[in-house]
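Okay, entry_22.cif now, which holds mmCIF, C-alpha atoms and all ligand atoms:
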```cif
data_data
#
loop_
_atom_site.label_atom_id
_atom_site.label_comp_id
_atom_site.auth_asym_id
_atom_site.auth_seq_id
_atom_site.Cartn_x
_atom_site.Cartn_y
_atom_site.Cartn_z
CA MET A 1 0.00 0.00 0.00
CA THR A 2 1.33 3.45 -0.81
CA GLN A 3 1.06 6.32 1.60
CA THR A 4 1.42 9.91 0.44
CA ILE A 5 3.10 12.40 2.73
CA THR A 6 3.61 16.13 2.33
CA VAL A 7 7.28 17.08 2.22
CA ILE A 8 8.36 20.61 3.09
CA ARG A 9 12.02 21.13 2.26
CA GLY A 10 12.24 24.41 4.15
CA ASP A 11 14.91 27.08 4.44
CA GLY A 12 18.58 27.27 5.41
CA ILE A 13 19.90 23.74 5.96
CA GLY A 14 16.37 22.42 5.36
CA PRO A 15 16.81 21.22 1.77
CA GLU A 16 20.13 19.48 2.57
CA ILE A 17 18.81 17.54 5.53
CA MET A 18 15.57 16.73 3.71
CA ASP A 19 17.43 15.33 0.70
CA ALA A 20 19.48 13.20 3.11
CA ALA A 21 16.38 12.02 5.00
CA LEU A 22 14.52 11.13 1.80
CA TYR A 23 17.57 9.21 0.57
CA VAL A 24 17.39 7.04 3.70
CA LEU A 25 13.60 6.64 3.50
CA ASP A 26 13.85 5.67 -0.17
CA THR A 27 16.42 3.01 0.70
CA MET A 28 13.90 1.50 3.09
CA GLN A 29 11.32 1.00 0.29
CA LEU A 30 8.40 1.97 2.47
CA GLY A 31 5.92 2.68 -0.32
CA LEU A 32 5.91 6.38 0.56
CA GLN A 33 5.00 8.93 -2.08
CA TYR A 34 6.04 12.53 -1.61
CA GLU A 35 3.93 15.56 -2.35
CA PHE A 36 6.36 18.50 -2.21
CA ALA A 37 5.00 21.75 -0.82
CA ASP A 38 6.62 25.05 0.08
CA ALA A 39 6.47 27.13 3.24
CA GLY A 40 8.67 29.81 4.77
CA LEU A 41 11.07 32.07 2.93
CA VAL A 42 11.18 29.89 -0.17
CA ALA A 43 7.37 30.04 -0.44
CA LEU A 44 7.41 33.80 0.04
CA GLU A 45 9.90 34.16 -2.80
CA LYS A 46 8.14 31.75 -5.17
CA GLN A 47 4.48 32.30 -4.34
CA GLY A 48 4.37 35.56 -2.41
CA GLU A 49 3.06 33.88 0.75
CA LEU A 50 4.75 32.26 3.76
CA LEU A 51 2.13 29.57 4.05
CA PRO A 52 0.43 29.08 0.67
CA GLN A 53 -3.06 27.64 0.45
CA SER A 54 -1.69 24.79 -1.72
CA THR A 55 0.55 23.71 1.18
CA MET A 56 -2.35 23.81 3.62
CA ASP A 57 -4.45 21.78 1.15
CA SER A 58 -1.68 19.21 0.75
CA ILE A 59 -1.37 18.65 4.52
CA ARG A 60 -5.15 18.52 4.87
CA LYS A 61 -5.26 15.83 2.20
CA THR A 62 -2.27 13.68 3.18
CA ARG A 63 -2.72 14.31 6.95
CA VAL A 64 1.01 13.72 7.45
CA ALA A 65 3.93 16.05 6.76
CA LEU A 66 7.67 15.76 7.12
CA LYS A 67 8.97 19.29 7.53
CA SER A 68 12.39 20.91 7.52
CA PRO A 69 12.99 24.11 9.51
CA LEU A 70 11.44 27.31 8.18
CA THR A 71 12.41 30.95 8.33
CA THR A 72 9.71 33.38 9.40
CA PRO A 73 10.87 36.83 8.23
CA VAL A 74 10.11 39.61 10.70
CA GLY A 75 7.09 41.72 9.77
CA GLU A 76 5.48 39.21 7.38
CA GLY A 77 2.22 38.64 9.19
CA PHE A 78 3.07 35.65 11.39
CA SER A 79 5.24 35.65 14.47
CA SER A 80 6.10 32.04 13.57
CA ILE A 81 4.98 29.76 10.74
CA ASN A 82 5.40 26.76 13.00
CA VAL A 83 3.00 28.24 15.56
CA GLU A 84 0.61 29.11 12.73
CA LEU A 85 0.66 25.52 11.43
CA ARG A 86 -0.04 24.22 14.94
CA LYS A 87 -2.98 26.60 15.26
CA ARG A 88 -4.50 25.93 11.85
CA PHE A 89 -4.38 22.14 12.19
CA ASP A 90 -5.03 22.11 15.95
CA LEU A 91 -1.84 20.10 16.48
CA TYR A 92 -2.33 19.88 20.21
CA ALA A 93 0.40 17.42 21.15
CA ASN A 94 4.07 18.28 20.81
CA VAL A 95 5.94 15.05 21.31
CA ARG A 96 9.70 15.15 21.79
CA PRO A 97 11.73 12.05 22.60
CA ALA A 98 15.16 12.41 24.21
CA LYS A 99 17.36 9.34 24.20
CA SER A 100 21.02 8.80 24.96
CA PHE A 101 23.10 8.13 21.85
CA PRO A 102 26.64 6.77 21.67
CA ASN A 103 29.57 8.97 20.66
CA THR A 104 27.81 12.25 21.21
CA LYS A 105 29.12 15.18 23.22
CA SER A 106 26.66 14.52 25.98
CA ARG A 107 26.59 14.44 29.76
CA PHE A 108 24.44 11.31 29.57
CA PRO A 109 25.77 8.98 26.86
CA THR A 110 23.60 6.28 28.45
CA GLY A 111 20.55 6.10 30.65
CA VAL A 112 18.20 8.73 29.23
CA ASP A 113 15.13 7.52 27.37
CA LEU A 114 12.20 9.83 27.91
CA ILE A 115 9.47 11.60 25.96
CA THR A 116 8.14 15.08 26.69
CA VAL A 117 4.50 15.56 25.73
CA ARG A 118 3.77 19.28 25.63
CA GLU A 119 0.36 20.90 25.26
CA ASN A 120 0.71 22.94 22.09
CA THR A 121 -2.40 25.09 21.74
CA GLU A 122 -3.05 26.81 25.08
CA GLY A 123 -1.22 28.61 27.86
CA ALA A 124 1.25 31.42 27.48
CA TYR A 125 2.33 30.94 23.87
CA ILE A 126 -0.79 31.67 21.90
CA GLY A 127 -0.52 35.41 22.36
CA GLU A 128 -3.94 35.84 23.94
CA GLY A 129 -4.50 39.14 25.71
CA GLN A 130 -1.01 40.33 24.92
CA SER A 131 -0.60 44.09 25.38
CA LEU A 132 1.82 46.78 26.36
CA SER A 133 0.60 49.95 28.00
CA GLU A 134 1.04 53.18 26.08
CA ASP A 135 3.85 54.31 28.34
CA GLY A 136 5.62 50.97 27.78
CA GLU A 137 5.76 50.34 31.53
CA THR A 138 3.30 47.47 31.87
CA ALA A 139 2.91 44.29 29.82
CA LEU A 140 0.03 41.85 30.04
CA LEU A 141 -0.64 38.33 28.80
CA THR A 142 -3.52 35.97 29.39
CA GLN A 143 -2.87 32.29 29.97
CA ARG A 144 -5.85 30.15 29.12
CA VAL A 145 -5.90 26.54 30.25
CA THR A 146 -9.04 24.50 29.67
CA ARG A 147 -10.23 21.20 31.05
CA ARG A 148 -10.73 19.92 27.49
CA GLY A 149 -7.22 20.95 26.42
CA SER A 150 -5.68 19.47 29.55
CA GLU A 151 -7.66 16.28 29.31
CA ARG A 152 -6.76 15.54 25.69
CA ILE A 153 -3.04 16.11 26.19
CA VAL A 154 -2.85 14.04 29.37
CA ARG A 155 -4.88 11.28 27.72
CA TYR A 156 -2.50 11.43 24.77
CA ALA A 157 0.44 10.92 27.14
CA PHE A 158 -1.15 7.90 28.85
CA GLU A 159 -2.17 6.37 25.53
CA LEU A 160 1.38 6.87 24.27
CA ALA A 161 2.67 5.11 27.37
CA ARG A 162 0.42 2.14 26.68
CA LYS A 163 1.27 2.03 22.99
CA THR A 164 5.01 2.17 23.55
CA GLY A 165 5.14 -0.08 26.62
CA ARG A 166 6.26 2.73 28.89
CA LYS A 167 5.42 2.52 32.56
CA LYS A 168 5.28 5.99 34.08
CA VAL A 169 3.78 9.41 33.33
CA THR A 170 5.04 12.42 35.28
CA VAL A 171 2.64 15.38 35.36
CA VAL A 172 4.71 18.55 35.55
CA HIS A 173 3.01 21.66 36.97
CA LYS A 174 3.28 24.70 39.21
CA ALA A 175 -0.10 24.38 40.88
CA ASN A 176 1.24 25.61 44.22
CA ILE A 177 1.68 29.12 42.73
CA LEU A 178 -0.33 29.18 39.49
CA LYS A 179 -3.38 27.92 41.31
CA SER A 180 -5.95 28.50 38.56
CA THR A 181 -4.13 27.47 35.36
CA SER A 182 -1.67 24.86 36.58
CA GLY A 183 -4.22 23.88 39.24
CA LEU A 184 -6.82 22.99 36.61
CA PHE A 185 -4.23 21.09 34.58
CA LEU A 186 -3.17 19.04 37.60
CA LYS A 187 -6.72 18.33 38.74
CA THR A 188 -7.67 17.20 35.24
CA ALA A 189 -4.55 15.05 34.97
CA ARG A 190 -5.37 13.30 38.25
CA ALA A 191 -8.85 12.47 36.96
CA VAL A 192 -7.51 11.12 33.63
CA ALA A 193 -4.88 9.02 35.43
CA THR A 194 -7.62 6.99 37.14
CA ASP A 195 -8.48 5.54 33.72
CA TYR A 196 -4.94 4.12 33.44
CA PRO A 197 -4.30 2.04 36.57
CA ASP A 198 -1.64 0.07 34.65
CA ILE A 199 0.53 3.19 34.25
CA GLU A 200 2.22 4.80 37.24
CA CYS A 201 1.40 8.50 37.52
CA ASN A 202 3.43 10.91 39.59
CA GLU A 203 3.38 14.68 39.95
CA MET A 204 6.31 17.05 40.02
CA ILE A 205 6.65 20.81 40.34
CA VAL A 206 8.38 22.29 37.31
CA ASP A 207 11.39 23.82 39.07
CA ASN A 208 12.13 20.56 40.87
CA THR A 209 11.67 18.75 37.54
CA CYS A 210 14.45 20.82 35.98
CA MET A 211 16.80 19.95 38.82
CA GLN A 212 15.82 16.27 38.77
CA LEU A 213 16.31 16.10 35.00
CA VAL A 214 19.84 17.38 35.31
CA MET A 215 20.70 15.17 38.29
CA ARG A 216 18.82 11.92 37.63
CA PRO A 217 17.19 11.96 34.17
CA GLU A 218 16.89 8.17 34.13
CA GLN A 219 13.93 8.39 36.57
CA PHE A 220 11.70 9.89 33.81
CA ASP A 221 9.70 7.97 31.26
CA ILE A 222 6.96 10.21 29.87
CA ILE A 223 6.56 13.83 30.99
CA VAL A 224 3.30 15.65 30.28
CA THR A 225 2.95 19.36 30.83
CA THR A 226 1.56 22.70 29.66
CA ASN A 227 2.88 24.75 26.75
CA LEU A 228 5.51 27.02 28.31
CA PHE A 229 6.93 24.45 30.73
CA GLY A 230 7.03 21.86 27.96
CA ASP A 231 8.94 24.17 25.63
CA ILE A 232 11.66 24.76 28.21
CA ILE A 233 11.81 21.20 29.51
CA SER A 234 12.02 19.61 26.07
CA ASP A 235 15.03 21.78 25.13
CA LEU A 236 16.64 20.93 28.46
CA CYS A 237 16.13 17.26 27.60
CA ALA A 238 17.68 17.75 24.15
CA GLY A 239 20.70 19.22 25.91
CA LEU A 240 20.99 16.17 28.16
CA VAL A 241 21.52 13.84 25.22
CA GLY A 242 23.73 15.69 22.79
CA GLY A 243 21.95 18.77 21.58
CA LEU A 244 19.91 19.97 18.66
CA GLY A 245 21.43 17.78 15.94
CA LEU A 246 19.76 14.75 17.55
CA ALA A 247 16.43 16.19 18.72
CA PRO A 248 13.27 15.35 16.76
CA GLY A 249 9.72 16.48 17.41
CA ALA A 250 6.19 15.72 16.30
CA ASN A 251 3.16 17.99 16.33
CA ILE A 252 0.10 15.83 16.40
CA GLY A 253 -3.59 16.61 16.09
CA THR A 254 -6.71 14.67 15.34
CA ASP A 255 -6.68 15.40 11.61
CA ALA A 256 -3.00 15.99 10.81
CA ALA A 257 0.50 15.44 12.13
CA ILE A 258 3.74 17.21 11.27
CA PHE A 259 7.14 15.66 11.97
CA GLU A 260 10.31 17.70 12.16
CA ALA A 261 13.74 18.38 13.56
CA VAL A 262 13.62 20.63 16.59
CA HIS A 263 16.50 22.83 15.47
CA GLY A 264 16.20 25.91 13.29
CA THR A 265 17.46 26.74 9.83
CA ALA A 266 21.11 27.12 10.98
CA PRO A 267 21.96 29.86 8.47
CA ASP A 268 25.58 29.82 9.72
CA ILE A 269 26.20 26.41 8.08
CA ALA A 270 23.55 26.37 5.32
CA GLY A 271 24.71 25.17 1.92
CA GLN A 272 27.98 23.76 3.23
CA GLY A 273 26.99 20.11 3.62
CA LYS A 274 27.82 20.23 7.33
CA ALA A 275 24.34 19.81 8.73
CA ASN A 276 23.55 16.73 10.78
CA PRO A 277 20.49 15.00 9.28
CA CYS A 278 19.79 12.85 12.37
CA ALA A 279 17.18 15.07 14.02
CA LEU A 280 15.02 15.07 10.90
CA LEU A 281 15.60 11.33 10.42
CA LEU A 282 14.53 10.70 14.01
CA GLY A 283 11.47 12.83 13.25
CA ALA A 284 10.89 10.56 10.26
CA ALA A 285 11.09 7.57 12.63
CA GLN A 286 8.34 9.16 14.74
CA MET A 287 6.36 9.54 11.51
CA LEU A 288 6.76 5.84 10.72
CA ASP A 289 5.45 4.99 14.21
CA HIS A 290 2.49 7.28 13.53
CA LEU A 291 1.87 5.61 10.15
CA GLY A 292 1.68 2.21 11.83
CA MET A 293 5.16 1.06 10.83
CA PRO A 294 6.83 0.71 14.26
CA ASP A 295 9.18 -2.06 13.08
CA LYS A 296 10.48 0.18 10.29
CA ALA A 297 10.85 3.04 12.77
CA THR A 298 12.93 0.78 15.00
CA ARG A 299 15.11 -0.27 12.06
CA LEU A 300 15.75 3.36 11.22
CA ARG A 301 16.63 4.27 14.82
CA ASP A 302 18.87 1.21 15.13
CA ALA A 303 20.72 2.16 11.93
CA ILE A 304 21.32 5.67 13.31
CA VAL A 305 22.67 4.23 16.58
CA ALA A 306 24.90 1.77 14.70
CA THR A 307 26.30 4.58 12.54
CA LEU A 308 27.03 6.70 15.61
CA GLU A 309 28.67 3.70 17.30
CA ALA A 310 30.87 3.11 14.26
CA LYS A 311 31.66 6.86 14.02
CA ASP A 312 31.04 6.45 10.31
CA SER A 313 30.90 9.73 8.33
CA LEU A 314 29.70 11.79 11.30
CA THR A 315 29.08 15.49 10.66
CA PRO A 316 31.28 18.15 12.33
CA ASP A 317 28.79 18.88 15.15
CA LEU A 318 29.40 15.26 16.27
CA GLY A 319 33.15 15.63 15.97
CA GLY A 320 33.41 13.98 12.55
CA THR A 321 34.56 15.14 9.16
CA GLY A 322 31.70 13.69 7.10
CA ASN A 323 29.06 15.62 5.23
CA THR A 324 25.28 15.50 5.37
CA MET A 325 24.75 13.09 2.48
CA ALA A 326 27.71 10.85 3.37
CA PHE A 327 26.26 10.50 6.89
CA ALA A 328 22.85 9.63 5.41
CA LYS A 329 24.43 7.04 3.13
CA ALA A 330 26.27 5.51 6.09
CA ILE A 331 22.94 5.23 7.93
CA ALA A 332 21.17 3.83 4.87
CA SER A 333 23.87 1.17 4.45
CA ARG A 334 23.06 -0.16 7.94
CA ILE A 335 19.33 -0.59 7.37
P1 LIG B 401 16.75 29.85 13.40
O1 LIG B 401 16.75 31.34 13.32
O2 LIG B 401 16.12 29.22 12.21
O3 LIG B 401 16.22 29.32 14.70
P2 LIG B 401 19.41 29.56 14.50
O4 LIG B 401 20.76 29.43 13.87
O5 LIG B 401 19.13 30.74 15.36
O6 LIG B 401 18.30 29.44 13.34
P3 LIG B 401 19.41 26.84 15.05
O7 LIG B 401 19.19 26.63 13.62
O8 LIG B 401 18.59 26.01 15.97
O9 LIG B 401 19.14 28.31 15.41
O10 LIG B 401 20.97 26.62 15.33
C1 LIG B 401 21.62 26.86 16.56
C2 LIG B 401 23.05 26.37 16.40
O11 LIG B 401 23.06 24.95 16.25
C3 LIG B 401 23.75 26.93 15.15
O12 LIG B 401 25.12 27.18 15.44
C4 LIG B 401 23.62 25.82 14.15
O13 LIG B 401 24.69 25.79 13.21
C5 LIG B 401 23.64 24.56 15.01
N1 LIG B 401 22.78 23.53 14.39
C6 LIG B 401 21.44 23.53 14.32
N2 LIG B 401 20.99 22.47 13.66
C7 LIG B 401 22.07 21.75 13.29
C8 LIG B 401 22.26 20.54 12.55
N3 LIG B 401 21.23 19.82 12.07
N4 LIG B 401 23.51 20.11 12.34
C9 LIG B 401 24.57 20.80 12.82
N5 LIG B 401 24.47 21.96 13.52
C10 LIG B 401 23.23 22.43 13.75
#
```
Transcribe the structure of this file into C-alpha cells.
Ligand code: ATP
Amino acid sequence: MTQTITVIRGDGIGPEIMDAALYVLDTMQLGLQYEFADAGLVALEKQGELLPQSTMDSIRKTRVALKSPLTTPVGEGFSSINVELRKRFDLYANVRPAKSFPNTKSRFPTGVDLITVRENTEGAYIGEGQSLSEDGETALLTQRVTRRGSERIVRYAFELARKTGRKKVTVVHKANILKSTSGLFLKTARAVATDYPDIECNEMIVDNTCMQLVMRPEQFDIIVTTNLFGDIISDLCAGLVGGLGLAPGANIGTDAAIFEAVHGTAPDIAGQGKANPCALLLGAAQMLDHLGMPDKATRLRDAIVATLEAKDSLTPDLGGTGNTMAFAKAIASRI
C-alpha cells in the first residue's frame, strides 16, 4: 500500500537535511509517495506567501507532513509559521523524545530515554491578551488553560505510554503558585490518570523537575505538561543527550500530524553540507510509528545508533569530518 506524505524542504539547511532524509527513507522502500509543498522564505519568494493555500491543502489531504525548519521573516504577518501551522491544524500534542546516543558530546551517553508531551495550543504561547501599556511600563498576557485541552493532552500521554510499553507518566506543573491554570491542569490530569491504573502516575513541580532532569534523568519515562513548561523542559532534555542535531519532534492533532527536527534553519552552516540530518531522520522515525510502521521506525533508529557507534561519516557537530549526504548514506547502508 502506498502512503502519500507532504514534504516541506524548508529554508537554510532544510533542503540538505531533507534530501538526506529522503535518501534514507527511499532506501527502506516503504511505499511512501512525496507531495512536495513550500512554506517559509522559499514560499514567500516563489508564491508571495509564507504559508500558501496549496501547502495547507496538501497537509489537509495527506494528513502527514515531514517538515524541515522554516524561516519566518520579521514583519510578514506571522510571528512564527510553526506556531501558525499548529494553530490551523489544531496540532495539540508536541511530542519530543530524548534518548542517549553513543559517541555524542553529551553528559548522559547512556541512561536517558524519555518523551516530553507538551500541550501545544493553550497557555502562554498563543498570544492571547497580549498588550503593552502606552507608556511601555506594563505588559500583560492571558494564559488560558481548559479542562478539554488538559484532558486531551494528558490522555495522549497515557495512551502513548500504553502504545510504547512505557510505565510511568510524570505530570509537571506549578499548581502551588499558578493555582488557577496549573491547578486545573493538575486536577484534570489526576482524573484522567484513574483511567490508566496500569501506568504509574506521579506529579512534580516544574522547578524541581528541571533539577531532577539534570541530576537523575533516568527516573523519567513520559513527561506531560503545559505549553511554556514543555517548551523549556524539552530543550533541556535535548541538551541532556547531545543537543539539537539529535532532537526530533512531532506535532500531532486529530486530523493531521507534522514531523520535524527541533533545530532551526542554521543559516551559519547552510549550503555547506555540514548539517547533521539525524534530528530530521529521528522525526521521520516518529512519523513511521504514527503511520503504523513501528518495526520500520525501530530499524531506522537502530541504523542511526549503529552509525554513531561506528563513528562512520559523522558530521562536524558530532566531531566527525563527514558531510550531510555521506552520513545519510552511512545510515542507509546499515538498514
Ligand atoms: P533559526 O533562526 O532558524 O532558529 P538559529 O541558527 O538561530 O536558526 P538553530 O538553527 O537552531 O538556530 O541553530 C543553533 C546552532 O546549532 C547553530 O550554530 C547551528 O549551526 C547549530 N545547528 C542547528 N541544527 C544543526 C544541525 N542539524 N547540524 C549541525 N548543527 C546544527
(request) Dump the neighbourhood of ligand LIG 401 (chain B) as a VMD selection string: all residues within 9 Å, distances computed on only C-alpha atoms and all ligand atoms. (result) chain A and resid 11 to 14 17 69 to 72 243 to 247 261 to 270 274 to 280 315 to 318 324
C-alpha atoms of the current selection, written as a PDB file, in the frame of the given file:
```pdb
ATOM      1  CA  ASP A  11      14.910  27.080   4.440  1.00  0.00           C
ATOM      2  CA  GLY A  12      18.580  27.270   5.410  1.00  0.00           C
ATOM      3  CA  ILE A  13      19.900  23.740   5.960  1.00  0.00           C
ATOM      4  CA  GLY A  14      16.370  22.420   5.360  1.00  0.00           C
ATOM      5  CA  ILE A  17      18.810  17.540   5.530  1.00  0.00           C
ATOM      6  CA  PRO A  69      12.990  24.110   9.510  1.00  0.00           C
ATOM      7  CA  LEU A  70      11.440  27.310   8.180  1.00  0.00           C
ATOM      8  CA  THR A  71      12.410  30.950   8.330  1.00  0.00           C
ATOM      9  CA  THR A  72       9.710  33.380   9.400  1.00  0.00           C
ATOM     10  CA  GLY A 243      21.950  18.770  21.580  1.00  0.00           C
ATOM     11  CA  LEU A 244      19.910  19.970  18.660  1.00  0.00           C
ATOM     12  CA  GLY A 245      21.430  17.780  15.940  1.00  0.00           C
ATOM     13  CA  LEU A 246      19.760  14.750  17.550  1.00  0.00           C
ATOM     14  CA  ALA A 247      16.430  16.190  18.720  1.00  0.00           C
ATOM     15  CA  ALA A 261      13.740  18.380  13.560  1.00  0.00           C
ATOM     16  CA  VAL A 262      13.620  20.630  16.590  1.00  0.00           C
ATOM     17  CA  HIS A 263      16.500  22.830  15.470  1.00  0.00           C
ATOM     18  CA  GLY A 264      16.200  25.910  13.290  1.00  0.00           C
ATOM     19  CA  THR A 265      17.460  26.740   9.830  1.00  0.00           C
ATOM     20  CA  ALA A 266      21.110  27.120  10.980  1.00  0.00           C
ATOM     21  CA  PRO A 267      21.960  29.860   8.470  1.00  0.00           C
ATOM     22  CA  ASP A 268      25.580  29.820   9.720  1.00  0.00           C
ATOM     23  CA  ILE A 269      26.200  26.410   8.080  1.00  0.00           C
ATOM     24  CA  ALA A 270      23.550  26.370   5.320  1.00  0.00           C
ATOM     25  CA  LYS A 274      27.820  20.230   7.330  1.00  0.00           C
ATOM     26  CA  ALA A 275      24.340  19.810   8.730  1.00  0.00           C
ATOM     27  CA  ASN A 276      23.550  16.730  10.780  1.00  0.00           C
ATOM     28  CA  PRO A 277      20.490  15.000   9.280  1.00  0.00           C
ATOM     29  CA  CYS A 278      19.790  12.850  12.370  1.00  0.00           C
ATOM     30  CA  ALA A 279      17.180  15.070  14.020  1.00  0.00           C
ATOM     31  CA  LEU A 280      15.020  15.070  10.900  1.00  0.00           C
ATOM     32  CA  THR A 315      29.080  15.490  10.660  1.00  0.00           C
ATOM     33  CA  PRO A 316      31.280  18.150  12.330  1.00  0.00           C
ATOM     34  CA  ASP A 317      28.790  18.880  15.150  1.00  0.00           C
ATOM     35  CA  LEU A 318      29.400  15.260  16.270  1.00  0.00           C
ATOM     36  CA  THR A 324      25.280  15.500   5.370  1.00  0.00           C
TER      37      THR A 324
END
```
(message) To one decimal place in Å, what is the distance between atom CA of A:Thr146 and atom CA of A:Ile258?
(response) 23.6 Å
(request) In Å, rounded to a single decimal, give me how far atom CA of A:Glu35 is from atom CA of A:Ala65. (result)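 Straight-line distance from atom CA of A:Ala65 to atom CA of A:Glu35 works out to 9.1 Å.
Our summary of the geometry notes that atom CA of A:Ser106 is positioned 13.0 Å from atom CA of A:Leu308.
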(request) Show which residues sit within 8 Å of stretch 178-181 of chain A, as a ChimeraX atom specification. Count only C-alpha atoms, and ignore same-chain residues fewer than 5 positions away. (result) /A:143-145
(request) Name all residues at most 8 Å from stretch 73-86 of chain A (count only C-alpha atoms; drop same-chain ones fewer than 4 positions away) and give them as a VMD selection string. (result) chain A and resid 40 to 41 50 to 51 90 to 92 120 to 121 251
Any idea what's packed within 12 Å of A:Ser333, counting only C-alpha atoms, ignoring anything in its chain fewer than 5 positions away? Could you give it as a PDB file with C-alpha atoms, in the frame of the given file?
```
ATOM      1  CA  TYR A  23      17.570   9.210   0.570  1.00  0.00           C
ATOM      2  CA  VAL A  24      17.390   7.040   3.700  1.00  0.00           C
ATOM      3  CA  LEU A  25      13.600   6.640   3.500  1.00  0.00           C
ATOM      4  CA  ASP A  26      13.850   5.670  -0.170  1.00  0.00           C
ATOM      5  CA  THR A  27      16.420   3.010   0.700  1.00  0.00           C
ATOM      6  CA  MET A  28      13.900   1.500   3.090  1.00  0.00           C
ATOM      7  CA  ARG A 299      15.110  -0.270  12.060  1.00  0.00           C
ATOM      8  CA  LEU A 300      15.750   3.360  11.220  1.00  0.00           C
ATOM      9  CA  ASP A 302      18.870   1.210  15.130  1.00  0.00           C
ATOM     10  CA  ALA A 303      20.720   2.160  11.930  1.00  0.00           C
ATOM     11  CA  ILE A 304      21.320   5.670  13.310  1.00  0.00           C
ATOM     12  CA  ALA A 306      24.900   1.770  14.700  1.00  0.00           C
ATOM     13  CA  THR A 307      26.300   4.580  12.540  1.00  0.00           C
ATOM     14  CA  ASP A 312      31.040   6.450  10.310  1.00  0.00           C
ATOM     15  CA  SER A 313      30.900   9.730   8.330  1.00  0.00           C
ATOM     16  CA  ALA A 326      27.710  10.850   3.370  1.00  0.00           C
ATOM     17  CA  PHE A 327      26.260  10.500   6.890  1.00  0.00           C
ATOM     18  CA  ALA A 328      22.850   9.630   5.410  1.00  0.00           C
TER      19      ALA A 328
END
```
(message) Please list as a ChimeraX atom specification every residue within 12 Å of A:Ala238, counting all atoms listed in the file and excluding residues in the same chain fewer than 6 positions away.
(response) /A:96-101,104-108,112-116,213-214,217,231-232,244-249,261-263,279
